[in-house]
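Novice: You'll find my_file31.pdb just under this line, and it carries PDB, C-alpha atoms.
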ATOM      1  CA  MET A1195     -17.438   9.963 -15.477
ATOM      2  CA  ASP A1196     -16.402  10.786 -19.026
ATOM      3  CA  ARG A1197     -13.554   8.900 -20.698
ATOM      4  CA  GLU A1198     -11.143  11.844 -20.755
ATOM      5  CA  THR A1199     -11.492  12.494 -17.012
ATOM      6  CA  PHE A1200     -11.214   8.781 -16.308
ATOM      7  CA  THR A1201      -8.075   8.466 -18.434
ATOM      8  CA  ARG A1202      -6.422  11.413 -16.654
ATOM      9  CA  ALA A1203      -7.314   9.937 -13.253
ATOM     10  CA  MET A1204      -5.981   6.554 -14.263
ATOM     11  CA  GLU A1205      -2.696   7.971 -15.531
ATOM     12  CA  ALA A1206      -2.244  10.071 -12.407
ATOM     13  CA  HIS A1207      -3.167   7.471  -9.784
ATOM     14  CA  MET A1208      -2.707   3.960 -11.147
ATOM     15  CA  ASP A1209       0.811   3.535  -9.738
ATOM     16  CA  MET A1210      -0.315   4.658  -6.280
ATOM     17  CA  VAL A1211      -3.285   2.258  -6.267
ATOM     18  CA  TYR A1212      -1.094  -0.600  -7.474
ATOM     19  CA  ARG A1213       1.565   0.072  -4.810
ATOM     20  CA  ILE A1214      -1.041   0.075  -2.041
ATOM     21  CA  ALA A1215      -2.629  -3.107  -3.384
ATOM     22  CA  LEU A1216       0.793  -4.729  -3.626
ATOM     23  CA  HIS A1217       1.613  -3.719  -0.056
ATOM     24  CA  GLN A1218      -1.644  -5.207   1.134
ATOM     25  CA  ALA A1219      -1.795  -8.341  -1.021
ATOM     26  CA  ARG A1220       1.944  -9.036  -1.295
ATOM     27  CA  ASP A1221       1.138 -10.825  -4.515
ATOM     28  CA  VAL A1222       1.580  -9.231  -7.935
ATOM     29  CA  HIS A1223      -1.431 -10.946  -9.500
ATOM     30  CA  ILE A1224      -3.834 -10.063  -6.714
ATOM     31  CA  ALA A1225      -2.529  -6.481  -6.742
ATOM     32  CA  GLN A1226      -3.201  -6.274 -10.474
ATOM     33  CA  ASP A1227      -6.732  -7.644 -10.004
ATOM     34  CA  VAL A1228      -7.437  -5.191  -7.199
ATOM     35  CA  THR A1229      -6.093  -2.277  -9.248
ATOM     36  CA  GLN A1230      -8.276  -3.236 -12.169
ATOM     37  CA  GLU A1231     -11.342  -3.530  -9.938
ATOM     38  CA  VAL A1232     -10.676  -0.142  -8.329
ATOM     39  CA  PHE A1233     -10.549   1.583 -11.710
ATOM     40  CA  LEU A1234     -13.629  -0.272 -12.939
ATOM     41  CA  ARG A1235     -15.463   1.085  -9.914
ATOM     42  CA  LEU A1236     -14.140   4.562 -10.672
ATOM     43  CA  PHE A1237     -15.357   4.316 -14.255
ATOM     44  CA  ARG A1238     -18.821   3.209 -13.127
ATOM     45  CA  THR A1239     -19.224   5.709 -10.306
ATOM     46  CA  ASN A1240     -21.484   8.731 -10.479
ATOM     47  CA  THR A1241     -19.582  10.463  -7.688
ATOM     48  CA  GLU A1242     -18.533  14.040  -8.314
ATOM     49  CA  PHE A1243     -15.104  14.592  -6.833
ATOM     50  CA  ALA A1244     -14.340  17.922  -5.181
ATOM     51  CA  GLY A1245     -10.777  17.905  -6.419
ATOM     52  CA  GLU A1246      -7.731  15.768  -6.978
ATOM     53  CA  GLU A1247      -7.197  15.053  -3.262
ATOM     54  CA  HIS A1248     -10.813  13.895  -2.859
ATOM     55  CA  LEU A1249     -10.360  11.521  -5.810
ATOM     56  CA  ARG A1250      -7.054  10.251  -4.402
ATOM     57  CA  ARG A1251      -8.589   9.513  -0.989
ATOM     58  CA  TRP A1252     -11.566   7.805  -2.634
ATOM     59  CA  LEU A1253      -9.234   5.579  -4.648
ATOM     60  CA  ILE A1254      -7.217   4.635  -1.556
ATOM     61  CA  ARG A1255     -10.342   3.770   0.424
ATOM     62  CA  VAL A1256     -11.770   1.691  -2.441
ATOM     63  CA  CYS A1257      -8.406  -0.042  -2.873
ATOM     64  CA  LEU A1258      -8.227  -0.967   0.816
ATOM     65  CA  ASN A1259     -11.807  -2.231   0.786
ATOM     66  CA  GLU A1260     -11.187  -4.219  -2.383
ATOM     67  CA  CYS A1261      -8.087  -5.793  -0.820
ATOM     68  CA  LYS A1262     -10.129  -6.853   2.221
ATOM     69  CA  ARG A1263     -12.811  -8.299  -0.039
ATOM     70  CA  SER A1264     -10.146 -10.101  -2.027
ATOM     71  CA  PHE A1265      -8.620 -11.649   1.106
ATOM     72  CA  SER A1266     -11.976 -12.974   2.253
ATOM     73  CA  ALA A1267     -12.604 -14.820  -1.013
ATOM     74  CA  PRO A1268     -12.187 -18.570  -0.395
ATOM     75  CA  TRP A1269     -10.315 -19.161  -3.659
ATOM     76  CA  ARG A1270      -7.602 -16.624  -2.857
ATOM     77  CA  ARG A1271      -4.408 -17.740  -1.191
ATOM     78  CA  VAL A1272      -2.083 -14.944  -0.216
ATOM     79  CA  GLN A1273       1.554 -15.832  -0.724
ATOM     80  CA  PRO A1274       4.534 -13.702   0.260
ATOM     81  CA  LEU A1275       5.888 -11.351  -2.344
ATOM     82  CA  GLU A1276       8.998 -12.953  -3.802
ATOM     83  CA  ASP A1277      10.194 -10.205  -6.111
ATOM     84  CA  ALA A1278       9.975  -6.766  -4.543
ATOM     85  CA  SER A1279      11.614  -5.227  -7.597
ATOM     86  CA  GLU A1280       8.227  -4.967  -9.269
ATOM     87  CA  PRO A1281       7.113  -1.455 -10.221
ATOM     88  CA  ALA A1282       5.955  -0.939  -6.641
ATOM     89  CA  ALA A1283       8.993   1.131  -5.724
ATOM     90  CA  PRO A1284       8.261   4.818  -6.122
ATOM     91  CA  ALA A1285      11.916   5.495  -6.844
ATOM     92  CA  GLU A1286      14.665   3.393  -8.330
ATOM     93  CA  GLY A1287      17.110   2.009  -5.840
ATOM     94  CA  ASP A1288      14.637   1.986  -2.951
ATOM     95  CA  GLU A1289      16.360  -0.529  -0.716
ATOM     96  CA  LEU A1290      13.837  -0.200   2.108
ATOM     97  CA  LEU A1291      10.788  -1.361   0.141
ATOM     98  CA  PRO A1292      11.492  -5.108   0.538
ATOM     99  CA  CYS A1293      11.979  -4.589   4.285
ATOM    100  CA  VAL A1294       8.787  -2.549   4.548
ATOM    101  CA  LEU A1295       6.919  -5.292   2.667
ATOM    102  CA  ALA A1296       8.306  -7.885   5.106
ATOM    103  CA  LEU A1297       6.614  -6.122   8.044
ATOM    104  CA  PRO A1298       3.155  -7.148   9.247
ATOM    105  CA  ARG A1299       0.480  -5.511   7.064
ATOM    106  CA  LYS A1300      -0.783  -3.003   9.626
ATOM    107  CA  TYR A1301       2.709  -1.531  10.004
ATOM    108  CA  SER A1302       3.585  -1.811   6.330
ATOM    109  CA  LEU A1303       0.435   0.029   5.248
ATOM    110  CA  ALA A1304       0.891   2.833   7.778
ATOM    111  CA  LEU A1305       4.525   3.308   6.733
ATOM    112  CA  HIS A1306       3.613   3.214   3.049
ATOM    113  CA  LEU A1307       0.880   5.813   3.368
ATOM    114  CA  ARG A1308       3.114   8.050   5.495
ATOM    115  CA  TYR A1309       6.420   7.883   3.661
ATOM    116  CA  TYR A1310       5.575   6.821   0.123
ATOM    117  CA  GLU A1311       2.255   8.637  -0.329
ATOM    118  CA  GLY A1312       2.927  11.580   2.018
ATOM    119  CA  TYR A1313      -0.146  11.444   4.252
ATOM    120  CA  THR A1314      -0.094  12.740   7.820
ATOM    121  CA  PRO A1315      -1.012  10.417  10.703
ATOM    122  CA  SER A1316      -4.407  12.093  11.086
ATOM    123  CA  GLU A1317      -5.126  11.688   7.358
ATOM    124  CA  ILE A1318      -4.074   8.032   7.545
ATOM    125  CA  ALA A1319      -6.396   7.565  10.520
ATOM    126  CA  THR A1320      -9.276   8.907   8.435
ATOM    127  CA  LEU A1321      -8.399   6.651   5.503
ATOM    128  CA  LEU A1322      -8.049   3.540   7.656
ATOM    129  CA  ARG A1323     -10.943   4.455   9.947
ATOM    130  CA  VAL A1324      -8.877   4.017  13.098
ATOM    131  CA  PRO A1325      -7.912   6.527  15.827
ATOM    132  CA  ALA A1326      -4.932   8.785  15.069
ATOM    133  CA  SER A1327      -3.172   7.413  18.154
ATOM    134  CA  THR A1328      -3.376   3.932  16.629
ATOM    135  CA  VAL A1329      -1.722   5.200  13.456
ATOM    136  CA  ARG A1330       1.055   6.902  15.427
ATOM    137  CA  THR A1331       1.628   3.675  17.357
ATOM    138  CA  ARG A1332       1.738   1.620  14.150
ATOM    139  CA  LEU A1333       4.192   4.074  12.610
ATOM    140  CA  GLU A1334       6.455   3.971  15.678
ATOM    141  CA  ARG A1335       6.349   0.166  15.940
ATOM    142  CA  GLY A1336       6.833  -0.215  12.199
ATOM    143  CA  ARG A1337       9.887   2.051  12.259
ATOM    144  CA  SER A1338      11.234   0.115  15.233
ATOM    145  CA  LEU A1339      10.763  -3.229  13.460
ATOM    146  CA  LEU A1340      12.342  -1.816  10.333
ATOM    147  CA  ARG A1341      15.306  -0.527  12.328
ATOM    148  CA  GLN A1342      15.742  -3.946  13.997
ATOM    149  CA  ALA A1343      15.605  -5.727  10.642
ATOM    150  CA  LEU A1344      18.185  -3.405   9.112
ATOM    151  CA  GLU A1345      20.499  -3.712  12.123
ATOM    152  CA  ALA A1346      20.214  -7.517  12.091
ATOM    153  CA  ALA A1347      20.950  -7.612   8.357
ATOM    154  CA  ASP A1348      23.908  -5.291   8.845
ATOM    155  CA  GLN A1349      25.339  -7.440  11.649
ATOM    156  CA  GLU A1350      24.953 -10.623   9.633
ATOM    157  CA  GLY A1351      26.325  -9.028   6.488
ATOM    158  CA  ARG A1352      23.141  -9.742   4.554
ATOM    159  CA  GLU A1353      21.185  -7.523   2.256
ATOM    160  CA  PRO A1354      18.236  -5.861   4.060
ATOM    161  CA  ALA A1355      15.723  -7.537   1.711
ATOM    162  CA  GLU A1356      16.612 -10.919   3.165
ATOM    163  CA  THR A1357      15.287 -10.048   6.611
ATOM    164  CA  SER A1358      11.850 -10.969   7.803
ATOM    165  CA  PRO A1359      10.749  -9.470  11.127
ATOM    166  CA  THR A1360       7.882 -11.380  12.640
ATOM    167  CA  THR A1361       6.781  -9.228  15.562
TER     168      THR A1361
END
Is it possible to give me this structure as structure tokens?
Specialist:
Amino acid sequence: MDRETFTRAMEAHMDMVYRIALHQARDVHIAQDVTQEVFLRLFRTNTEFAGEEHLRRWLIRVCLNECKRSFSAPWRRVQPLEDASEPAAPAEGDELLPCVLALPRKYSLALHLRYYEGYTPSEIATLLRVPASTVRTRLERGRSLLRQALEAADQEGREPAETSPTT
């Protein structure tokens, strides 16, 4: 991959890769490491991409694989994300992001890919290599958990970011 193509790809997709890594790792430093590794792999690859969407899917898959590899490393300790105001929010004032991050990873990732990245359940199933019905179930359960967390925060008069659903 030539430098100009790589630079354009990095500018276009770095935020997306970082957000996914942050959702998975829930740690800013690990997310930065994963993002860097993903783009190093892109720079070194000889793969010819059939378009922007092919590149985007490749980056997501590599990011998810790199997160899994990162979690399995014995020297890594995953700690909860303390400051969700990092540049992970796709839009300013996104009050739901801390609540989405508080969900279990499988629900958080499905919700992120669906609502923040715009993928359909069948596309998410392909990316995650799980059945589409599993993705639909994760989306429904994730929305339900999110709804419960927001209702509980509303009843207690807390900010939604302070909630932490554990189911």
Novice: Determine the residue membership of the PyMOL selection byres ((chain A and resi 1219) around 10) for the file above and supply it as an MDAnalysis selection string.
Specialist: chainID A and resid 1213:1218 1220:1226 1228 1258 1261:1262 1264:1265 1271:1275 1295 1299
Novice: Could you check how far CA of Leu1339 (chain A) sits from CA of Cys1293 (chain A), in Å to one decimal?
Specialist: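 About the pair CA of Leu1339 (chain A) and CA of Cys1293 (chain A): they are 9.4 Å apart.
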Novice: For Glu1260 (chain A), which of A:Ala1296, A:Val1211, A:Ala1346, A:Leu1307 is the closest residue, counting all atoms listed in the file?
Specialist: A:Val1211
Novice: For this file, the PyMOL selection byres ((chain A and resi 1322) around 10) selects which residues, as an mmCIF file with C-alpha atoms, in the coordinates of the input?
Specialist:
data_model
loop_
_atom_site.group_PDB
_atom_site.id
_atom_site.type_symbol
_atom_site.label_atom_id
_atom_site.label_comp_id
_atom_site.auth_asym_id
_atom_site.auth_seq_id
_atom_site.Cartn_x
_atom_site.Cartn_y
_atom_site.Cartn_z
ATOM 1 C CA ILE A 1254 -7.217 4.635 -1.556
ATOM 2 C CA ARG A 1255 -10.342 3.770 0.424
ATOM 3 C CA LEU A 1258 -8.227 -0.967 0.816
ATOM 4 C CA ASN A 1259 -11.807 -2.231 0.786
ATOM 5 C CA LYS A 1300 -0.783 -3.003 9.626
ATOM 6 C CA LEU A 1303 0.435 0.029 5.248
ATOM 7 C CA ALA A 1304 0.891 2.833 7.778
ATOM 8 C CA SER A 1316 -4.407 12.093 11.086
ATOM 9 C CA GLU A 1317 -5.126 11.688 7.358
ATOM 10 C CA ILE A 1318 -4.074 8.032 7.545
ATOM 11 C CA ALA A 1319 -6.396 7.565 10.520
ATOM 12 C CA THR A 1320 -9.276 8.907 8.435
ATOM 13 C CA LEU A 1321 -8.399 6.651 5.503
ATOM 14 C CA ARG A 1323 -10.943 4.455 9.947
ATOM 15 C CA VAL A 1324 -8.877 4.017 13.098
ATOM 16 C CA PRO A 1325 -7.912 6.527 15.827
ATOM 17 C CA ALA A 1326 -4.932 8.785 15.069
ATOM 18 C CA VAL A 1329 -1.722 5.200 13.456
#
Novice: Find, counting all atoms listed in the file, the residue in A:Arg1202, A:Arg1250, A:Arg1341, A:Arg1197 that gets nearest to Gly1312 (chain A).
Specialist: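 Using all atoms listed in the file, the shortest distance to Gly1312 (chain A) belongs to A:Arg1250.
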Novice: Report the distance between CA of Val1256 (chain A) and CA of Val1232 (chain A) in Å, rounded to one decimal place.
Specialist: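 Rounded to one decimal, the two atoms are 6.3 Å apart.
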Novice: Near Glu1247 (chain A), counting all atoms listed in the file, which residues have an atom at most 12 Å away, once you skip same-chain residues fewer than 2 positions from it, shown as a list in words?
Specialist: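 So the residues in contact are Ala1203, Ala1206, His1207, Phe1243, Ala1244, Gly1245, Leu1249, Arg1250, Arg1251, Trp1252, Leu1253, Ile1254, Glu1311, Gly1312, Tyr1313 and Glu1317 of chain A.
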